[in-house]
Each structure stands twice: as C-alpha cells, then as structure tokens.
Amino acid sequence: MKRPFLLGSLVSLSLVALFTFVFPNEGLSKDKGRQFTKIKIGYVNFEKAFNEYYKTKEGNAILAKEKSAKEDEGRKLVDQVNKMRKEAELLSQESKKEKEESIRIKIRELKEFTEISRQSLVKKRNEMWKDIFEEIRQVVKKKAEKEDYTVIFDDKALLYKMDGLDLTDEIIRDLNKEDKKG
C-alpha cells in the first residue's frame, strides 16, 4: 500500500511546486481569458478514506475468511505429515524409506499449497485495492469538478495543512453513501 502513496506524494509535491512558482500571486492565476480566478485547494487523507470505506472493510473481511480457510487446510496437511512421521518411526528400515519418500512428497505438496494460497490471496487483495483506489479517485474527481477545486492533494504530500481544507470526512461520507449497513 506504500507505493500508491509514495507516487501520489511525488505528484502532489510537483503540483505544489507548480502552483508556488507558476501562480505566486497569493492564490490567483490567469486563465485563458486573461481574467484572474481563485485557486481552490483541498486535501484528502487517502489512507483514512481507504480504511474507512465500507468496501475496503467488506473486502478485508472476505480476505480474512479465505486466509483462515487456507490456514485450516494447511494445518490439515501439516497434521498428515506429522502423523506419517510417527508412523514411520514404527516401521522397519526398508518400509521406513518408502514412508519417508511419501513424507517428502506430502511436504512438497504443503509447500506448493502454501505458496499458491499466498499468491492467490495477494492477487485478490491487489485487484480489490486497485478497484477501491479507482473508486476513491473517482469520488474525489467528482467533488473537484462539482465544487470547482483546482487541485486536491493527498495529505501525505503536505508539509503544512489547514484543517479547513481537509475534505477527508466528506469523501468518506460520499464513498459510504451506498453502504446498506451504515
């Protein structure tokens, strides 16, 4: 989750520099018609919006349930390996070698299962997060267009911020409008 915030921070810092040096006239800029217009700036705590969005909470609950099911399945494989090891202790040398080969195969299955499960959960989480990030961006974009914001920053990129410019709670409210539970 750090990469999008780092990239957003770099973009936001670039925009701050742009507005500082290109539009230094105390928040005024010239538009194409040579008229002065106010620059309207806001910021959003993207991480907070993400974490408080009902779809994030629902998705995390689904992922936690799937992870738990995979862990249970993995524990069953571990129990099978342990049982096979105990059985091998009671066998003759020749039978023991055959059982050890079965144990190695079962351990390989366990490792493959663990890796495939991990990859599957990571892929599912990344797809979910990508969709949620885009939904949040769209809500921010709609707010910016509707209320004539010149720019809305991620608050992680700001060294100083006035509380009056914080749009986070409004964005969270807009995101959670369709939540049937809330």
# chains A, B, ... in the order shown; residues from 1 in each chain; ligands from 1
>>> residues_around(residues="Val78 in chain A", least_positions_apart="4", cutoff="12 Å", atoms="only C-alpha atoms", output="PyMOL selection string")
chain A and resi 71-74+82-85+103-104+106-111+113-114
>>> write_last_selection(atoms="C-alpha atoms", output="tab-separated table (two decimals), in the first residue's frame")
chain	number	residue	atom	x	y	z
A	71	GLU	CA	-4.64	-21.88	7.00
A	72	ASP	CA	-7.02	-24.60	8.22
A	73	GLU	CA	-6.37	-26.59	5.08
A	74	GLY	CA	-2.61	-26.09	5.54
A	82	ASN	CA	3.28	-35.37	11.46
A	83	LYS	CA	1.10	-38.49	11.51
A	84	MET	CA	3.16	-40.00	8.70
A	85	ARG	CA	6.40	-39.26	10.61
A	103	ILE	CA	6.53	-37.73	3.59
A	104	ARG	CA	8.79	-35.73	1.23
A	106	LYS	CA	3.48	-34.54	1.18
A	107	ILE	CA	5.86	-31.79	2.38
A	108	ARG	CA	6.31	-30.66	-1.24
A	109	GLU	CA	2.52	-30.56	-1.62
A	110	LEU	CA	2.31	-28.49	1.55
A	111	LYS	CA	4.91	-26.01	0.29
A	113	PHE	CA	-0.20	-25.29	-1.41
A	114	THR	CA	1.18	-22.59	0.88
>>> residues_around(residues="range 131-133 of chain A", least_positions_apart="6", cutoff="8 Å", atoms="only C-alpha atoms", output="PDB file with N, CA and C atoms, in the first residue's frame")
ATOM      1  N   PHE A  50      -9.500   5.243   2.448  1.00  0.00           N
ATOM      2  CA  PHE A  50      -9.425   3.841   2.032  1.00  0.00           C
ATOM      3  C   PHE A  50      -9.849   2.913   3.181  1.00  0.00           C
ATOM      4  N   LYS A  55     -16.401  -0.738   1.426  1.00  0.00           N
ATOM      5  CA  LYS A  55     -15.970  -1.800   0.513  1.00  0.00           C
ATOM      6  C   LYS A  55     -14.603  -2.358   0.918  1.00  0.00           C
ATOM      7  N   THR A  56     -13.754  -1.499   1.480  1.00  0.00           N
ATOM      8  CA  THR A  56     -12.462  -1.974   1.987  1.00  0.00           C
ATOM      9  C   THR A  56     -12.695  -2.922   3.153  1.00  0.00           C
TER      10      THR A  56
END
>>> atom_distance(atom1="CA of Leu77 in chain A", atom2="CA of Lys99 in chain A")
15.6 Å
>>> residues_around(residues="Glu52 in chain A", least_positions_apart="3", cutoff="12 Å", atoms="only C-alpha atoms", output="PDB file with N, CA and C atoms, in the first residue's frame")
ATOM      1  N   ASN A  45      -7.002  12.689   3.239  1.00  0.00           N
ATOM      2  CA  ASN A  45      -6.182  11.627   3.812  1.00  0.00           C
ATOM      3  C   ASN A  45      -6.630  10.350   3.107  1.00  0.00           C
ATOM      4  N   PHE A  46      -5.931  10.017   2.041  1.00  0.00           N
ATOM      5  CA  PHE A  46      -6.325   8.905   1.180  1.00  0.00           C
ATOM      6  C   PHE A  46      -6.330   7.588   1.957  1.00  0.00           C
ATOM      7  N   GLU A  47      -5.345   7.420   2.821  1.00  0.00           N
ATOM      8  CA  GLU A  47      -5.252   6.187   3.603  1.00  0.00           C
ATOM      9  C   GLU A  47      -6.458   6.043   4.530  1.00  0.00           C
ATOM     10  N   LYS A  48      -6.851   7.120   5.180  1.00  0.00           N
ATOM     11  CA  LYS A  48      -8.022   7.085   6.061  1.00  0.00           C
ATOM     12  C   LYS A  48      -9.290   6.808   5.253  1.00  0.00           C
ATOM     13  N   ALA A  49      -9.425   7.463   4.116  1.00  0.00           N
ATOM     14  CA  ALA A  49     -10.590   7.239   3.261  1.00  0.00           C
ATOM     15  C   ALA A  49     -10.639   5.775   2.826  1.00  0.00           C
ATOM     16  N   LYS A  55     -16.401  -0.738   1.426  1.00  0.00           N
ATOM     17  CA  LYS A  55     -15.970  -1.800   0.513  1.00  0.00           C
ATOM     18  C   LYS A  55     -14.603  -2.358   0.918  1.00  0.00           C
ATOM     19  N   THR A  56     -13.754  -1.499   1.480  1.00  0.00           N
ATOM     20  CA  THR A  56     -12.462  -1.974   1.987  1.00  0.00           C
ATOM     21  C   THR A  56     -12.695  -2.922   3.153  1.00  0.00           C
ATOM     22  N   LYS A  57     -13.572  -2.524   4.071  1.00  0.00           N
ATOM     23  CA  LYS A  57     -13.848  -3.366   5.233  1.00  0.00           C
ATOM     24  C   LYS A  57     -14.461  -4.700   4.812  1.00  0.00           C
ATOM     25  N   GLU A  58     -15.399  -4.657   3.875  1.00  0.00           N
ATOM     26  CA  GLU A  58     -16.012  -5.900   3.382  1.00  0.00           C
ATOM     27  C   GLU A  58     -14.977  -6.782   2.700  1.00  0.00           C
ATOM     28  N   GLY A  59     -14.157  -6.182   1.868  1.00  0.00           N
ATOM     29  CA  GLY A  59     -13.126  -6.945   1.160  1.00  0.00           C
ATOM     30  C   GLY A  59     -12.121  -7.562   2.112  1.00  0.00           C
ATOM     31  N   ASN A  60     -11.718  -6.793   3.122  1.00  0.00           N
ATOM     32  CA  ASN A  60     -10.768  -7.319   4.103  1.00  0.00           C
ATOM     33  C   ASN A  60     -11.378  -8.475   4.885  1.00  0.00           C
ATOM     34  N   ILE A 132     -10.767  -0.312  -5.525  1.00  0.00           N
ATOM     35  CA  ILE A 132     -11.157   0.639  -4.479  1.00  0.00           C
ATOM     36  C   ILE A 132     -10.417   1.962  -4.653  1.00  0.00           C
ATOM     37  N   ILE A 136     -12.230   5.600  -5.158  1.00  0.00           N
ATOM     38  CA  ILE A 136     -11.938   6.775  -4.330  1.00  0.00           C
ATOM     39  C   ILE A 136     -11.508   7.938  -5.210  1.00  0.00           C
ATOM     40  N   THR A 168     -11.441  14.979   3.743  1.00  0.00           N
ATOM     41  CA  THR A 168     -11.464  13.539   4.004  1.00  0.00           C
ATOM     42  C   THR A 168     -12.824  13.047   4.467  1.00  0.00           C
ATOM     43  N   ASP A 169     -13.398  13.666   5.483  1.00  0.00           N
ATOM     44  CA  ASP A 169     -14.679  13.195   6.019  1.00  0.00           C
ATOM     45  C   ASP A 169     -15.796  13.294   4.981  1.00  0.00           C
ATOM     46  N   GLU A 170     -15.766  14.325   4.159  1.00  0.00           N
ATOM     47  CA  GLU A 170     -16.768  14.458   3.096  1.00  0.00           C
ATOM     48  C   GLU A 170     -16.610  13.339   2.065  1.00  0.00           C
ATOM     49  N   ILE A 171     -15.369  13.022   1.725  1.00  0.00           N
ATOM     50  CA  ILE A 171     -15.107  11.954   0.757  1.00  0.00           C
ATOM     51  C   ILE A 171     -15.558  10.613   1.338  1.00  0.00           C
ATOM     52  N   ILE A 172     -15.247  10.370   2.609  1.00  0.00           N
ATOM     53  CA  ILE A 172     -15.664   9.116   3.260  1.00  0.00           C
ATOM     54  C   ILE A 172     -17.191   9.020   3.272  1.00  0.00           C
ATOM     55  N   ARG A 173     -17.844  10.114   3.593  1.00  0.00           N
ATOM     56  CA  ARG A 173     -19.315  10.121   3.597  1.00  0.00           C
ATOM     57  C   ARG A 173     -19.859   9.797   2.210  1.00  0.00           C
ATOM     58  N   ASP A 174     -19.281  10.409   1.182  1.00  0.00           N
ATOM     59  CA  ASP A 174     -19.725  10.150  -0.192  1.00  0.00           C
ATOM     60  C   ASP A 174     -19.458   8.694  -0.601  1.00  0.00           C
ATOM     61  N   LEU A 175     -18.316   8.170  -0.199  1.00  0.00           N
ATOM     62  CA  LEU A 175     -17.977   6.781  -0.525  1.00  0.00           C
ATOM     63  C   LEU A 175     -18.962   5.804   0.127  1.00  0.00           C
ATOM     64  N   ASN A 176     -19.351   6.097   1.361  1.00  0.00           N
ATOM     65  CA  ASN A 176     -20.166   5.164   2.129  1.00  0.00           C
ATOM     66  C   ASN A 176     -21.658   5.379   1.961  1.00  0.00           C
ATOM     67  N   ASP A 179     -23.572   2.188   1.228  1.00  0.00           N
ATOM     68  CA  ASP A 179     -23.476   1.097   2.210  1.00  0.00           C
ATOM     69  C   ASP A 179     -24.837   0.851   2.822  1.00  0.00           C
ATOM     70  N   GLY A 182     -24.690   0.977   6.819  1.00  0.00           N
ATOM     71  CA  GLY A 182     -24.380   2.218   7.519  1.00  0.00           C
ATOM     72  C   GLY A 182     -25.385   3.223   7.376  1.00  0.00           C
TER      73      GLY A 182
END
>>> closest_residue(among="A:Lys146, A:Arg118, A:Asp166, A:Phe153", to="Lys67 in chain A", atoms="only C-alpha atoms")
A:Arg118
>>> select_by_dssp(residues="range 34-166 of chain A", states="helix (DSSP H, G or I)", output="VMD selection string")
chain A and resid 46 to 52 54 to 89 93 to 146 155 to 157 163 to 165
>>> select_by_dssp(residues="range 136-177 of chain A", states="strand (DSSP E or B)", output="PyMOL selection string")
chain A and resi 151-154+166
>>> write_last_selection(atoms="N, CA and C atoms", output="compact mmCIF listing (two decimals), in the first residue's frame")
# COMPACT_ATOMS: atom_id res chain seq x y z
N VAL A 151 -7.19 21.86 -7.40
CA VAL A 151 -6.37 20.69 -7.10
C VAL A 151 -6.77 20.14 -5.73
N ILE A 152 -6.76 18.81 -5.62
CA ILE A 152 -6.96 18.14 -4.33
C ILE A 152 -5.77 17.21 -4.14
N PHE A 153 -5.05 17.41 -3.04
CA PHE A 153 -3.85 16.65 -2.75
C PHE A 153 -4.14 15.49 -1.80
N ASP A 154 -3.23 14.52 -1.81
CA ASP A 154 -3.18 13.52 -0.74
C ASP A 154 -2.44 14.19 0.41
N ASP A 166 -9.38 20.24 4.64
CA ASP A 166 -9.47 18.78 4.71
C ASP A 166 -10.83 18.31 4.23
